[in-house]
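Here is the structure we will look at.
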Amino acid sequence: KAGVTQTPRYLIKTRGQQVTLSCSPISGHRSVSWYQQTPGQGLQFLFEYFSETQRNKGNFPGRFSGRQFSNSRSEMNVSTLELGDSALYLCASSPEQAARSGEQYFGPGTRLTVT
Amino acid sequence: AQKVTQAQTEISVVEKEDVTLDCVYETRDTTYYLFWYKQPPSGELVFLIRRNSFDEQNEISGRYSWNFQKSTSSFNFTITASQVVDSAVYFCALSDSGMDTGRRALTFGSGTRLQVQP
């Protein structure tokens with residue numbers, strides 16, 4: 001099976017712009033989660049989607065949003081970018097049978113740089 | 001609230017040495033899951049192991065072994081006869097029902113950077 005794929009892999013934006021990142025989960029996985037990784041804050045949970053519905057949300061401002069499509073692919077959007085949004089954004093997918101444990105499989109990430 | 005602590009920021013060893021990565025966790029749940037992930041320079045988090053709170057049996061997989069002790073809230077990871085390819089950042093993570101919705105998300109430790117010198 002192909003793993004989790006994320007596009008683009010690298011992105012450079014300027015402050016105030018918005019950005020959309022894309023994630024395709026492992027085939028058959030319907031749960032998709034997003035994490036932000038920064039040197040200062042480490043890995044932090046953003047949100048989780050299942051069957052096009054947001055099931056869980058971390059402690060991030062409303063500028064961070066996401067959605068999931070009927071084919072389980074997910075996008076996350078960050079509006080009004082700030083320098084502090086520079087990070088590696090990781091997407092993870094999970095089969096429903098693993099939902100109780102939280103076991104997740106990660107993609108390679110999108111490295112976003114905000115200048 | 002749940003918390004995962006990896007006190008070792010960076011460890012450097014010479015190839016073939018054994019190395020243990022420490023992980024201490026906090027949770028109020030009686031049912032929870034613990035994980036170890038490896039992050040090589042490419043950035044992708046690679047799943048290594050999952051352990052549930054009811055299974056304290058230690059596990060060995062090749063050169064990797066894990067020691068789970070509920071009494072000390074620790075889930076340590078040992079690499080035997082380390083190799084240069086083991087160089088990476090290793091993360092310990094906790095999944096419990098801490099979220100209001102009951103859905104589980106991973107709470108990660110800050111990671112331990114392991115450098116294996118040839």
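All residue names refer to the structure tokens as shown: chains lettered A, B, ... in order, residues numbered from 1 in each chain, ligands numbered from 1 in order.
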
Report task. Would you return as an MDAnalysis selection string the members of chain B that DSSP assigns to strand (DSSP E or B) on this structure's backbone? Result -> chainID B and resid 3:5 10:14 19:21 24:26 33:39 46:52 59:61 64:69 74:79 88:96 105:108 112:117

**Report entry** Residues within 12 Å of Phe69 of chain A, only C-alpha atoms, excluding chain neighbours under 2 positions, as number ranges by chain
**Finding:** A: 22-25, 30-32, 49-54, 66-67, 71-76

Query - Non-local contacts of Ala87 of chain A (7 Å; only C-alpha atoms; under 2 positions in same chain excluded) as a list in words - result: Gln36, Gln37, Thr38, Asp85, Tyr89, Arg111, Leu112 and Thr113 of chain A

**Report entry** Point-to-point distance from atom CA of Thr80 of chain B to atom CA of Ser110 of chain B, Å rounded to tenths
**Finding:** 22.6 Å

**Report entry** Expected answer as a PyMOL selection string: chain A residues within 6 Å of chain B, only C-alpha atoms
**Finding:** chain A and resi 42+101-102+106-108

Generate a file of the selected residues that holds C-alpha atoms, formatted as a short mmCIF file (atom, residue, chain, number, x, y, z; two decimals), in the first residue's frame.
```cif
data_model
loop_
_atom_site.label_atom_id
_atom_site.label_comp_id
_atom_site.auth_asym_id
_atom_site.auth_seq_id
_atom_site.Cartn_x
_atom_site.Cartn_y
_atom_site.Cartn_z
CA GLY A 42 7.57 20.43 19.28
CA SER A 101 -5.64 3.43 20.41
CA GLY A 102 -4.76 6.54 18.44
CA PHE A 106 2.50 9.81 9.13
CA GLY A 107 3.35 11.41 5.82
CA PRO A 108 6.64 13.16 5.00
#
```

Query raised in the report: Contacts of segment 56-59 of chain B at 7 Å or less, counting only C-alpha atoms, minus same-chain residues fewer than 4 places along, as number ranges by chain?
Result: B: 65-69

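By only C-alpha atoms, and with residues fewer than 6 positions from Gln117 of chain B along its chain excluded, the set lying at most 9 Å from it is Ser12, Val13, Val14, Glu15, Gln83, Val84 and Ser87 of chain B.
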
Requested in this report: Using DSSP on the backbone coordinates, identify all residues within chain B classified as helix (DSSP H, G or I); present the result as a PyMOL selection string.
Outcome: chain B and resi 70-72+84-86

Serialized selection, C-alpha atoms, as a PDB file, in the first residue's frame:
```
ATOM      1  CA  LYS B  70       3.387   1.497  35.129  1.00  0.00           C
ATOM      2  CA  SER B  71       4.741   1.846  38.647  1.00  0.00           C
ATOM      3  CA  THR B  72       7.183   4.496  37.471  1.00  0.00           C
ATOM      4  CA  VAL B  84      24.729   4.608  11.996  1.00  0.00           C
ATOM      5  CA  VAL B  85      21.302   4.147  10.361  1.00  0.00           C
ATOM      6  CA  ASP B  86      19.718   4.452  13.804  1.00  0.00           C
TER       7      ASP B  86
END
```

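Once Leu90 of chain A and its same-chain neighbours fewer than 3 positions away are set aside, Trp34, Tyr35 and Gly109 of chain A remain within 6 Å of it when counting only C-alpha atoms.
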
Can you spit out the residues from that selection as an mmCIF file, in the first residue's frame, using all heavy atoms?
```cif
data_model
loop_
_atom_site.group_PDB
_atom_site.id
_atom_site.type_symbol
_atom_site.label_atom_id
_atom_site.label_comp_id
_atom_site.auth_asym_id
_atom_site.auth_seq_id
_atom_site.Cartn_x
_atom_site.Cartn_y
_atom_site.Cartn_z
ATOM 1 N N TRP A 34 -3.852 16.205 11.620
ATOM 2 C CA TRP A 34 -2.796 17.150 11.267
ATOM 3 C C TRP A 34 -2.038 17.570 12.527
ATOM 4 O O TRP A 34 -2.643 17.789 13.590
ATOM 5 C CB TRP A 34 -3.393 18.384 10.602
ATOM 6 C CG TRP A 34 -3.923 18.159 9.219
ATOM 7 C CD1 TRP A 34 -5.187 17.762 8.881
ATOM 8 C CD2 TRP A 34 -3.218 18.344 7.991
ATOM 9 N NE1 TRP A 34 -5.303 17.681 7.511
ATOM 10 C CE2 TRP A 34 -4.118 18.032 6.943
ATOM 11 C CE3 TRP A 34 -1.922 18.743 7.654
ATOM 12 C CZ2 TRP A 34 -3.749 18.110 5.595
ATOM 13 C CZ3 TRP A 34 -1.561 18.818 6.320
ATOM 14 C CH2 TRP A 34 -2.469 18.503 5.304
ATOM 15 N N TYR A 35 -0.723 17.691 12.369
ATOM 16 C CA TYR A 35 0.143 18.124 13.455
ATOM 17 C C TYR A 35 1.081 19.208 12.940
ATOM 18 O O TYR A 35 1.488 19.205 11.779
ATOM 19 C CB TYR A 35 0.986 16.966 13.993
ATOM 20 C CG TYR A 35 0.183 15.901 14.710
ATOM 21 C CD1 TYR A 35 -0.498 14.906 13.996
ATOM 22 C CD2 TYR A 35 0.109 15.874 16.096
ATOM 23 C CE1 TYR A 35 -1.231 13.940 14.646
ATOM 24 C CE2 TYR A 35 -0.624 14.904 16.757
ATOM 25 C CZ TYR A 35 -1.287 13.945 16.033
ATOM 26 O OH TYR A 35 -2.014 12.984 16.678
ATOM 27 N N GLY A 109 5.406 15.190 5.427
ATOM 28 C CA GLY A 109 5.269 16.566 5.891
ATOM 29 C C GLY A 109 5.425 17.603 4.786
ATOM 30 O O GLY A 109 5.979 17.339 3.713
#
```

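Checking B:Ile60, B:Ala81, B:Val4, B:Cys92 one by one against Glu26 of chain B, counting only C-alpha atoms, you find the shortest gap at B:Val4.
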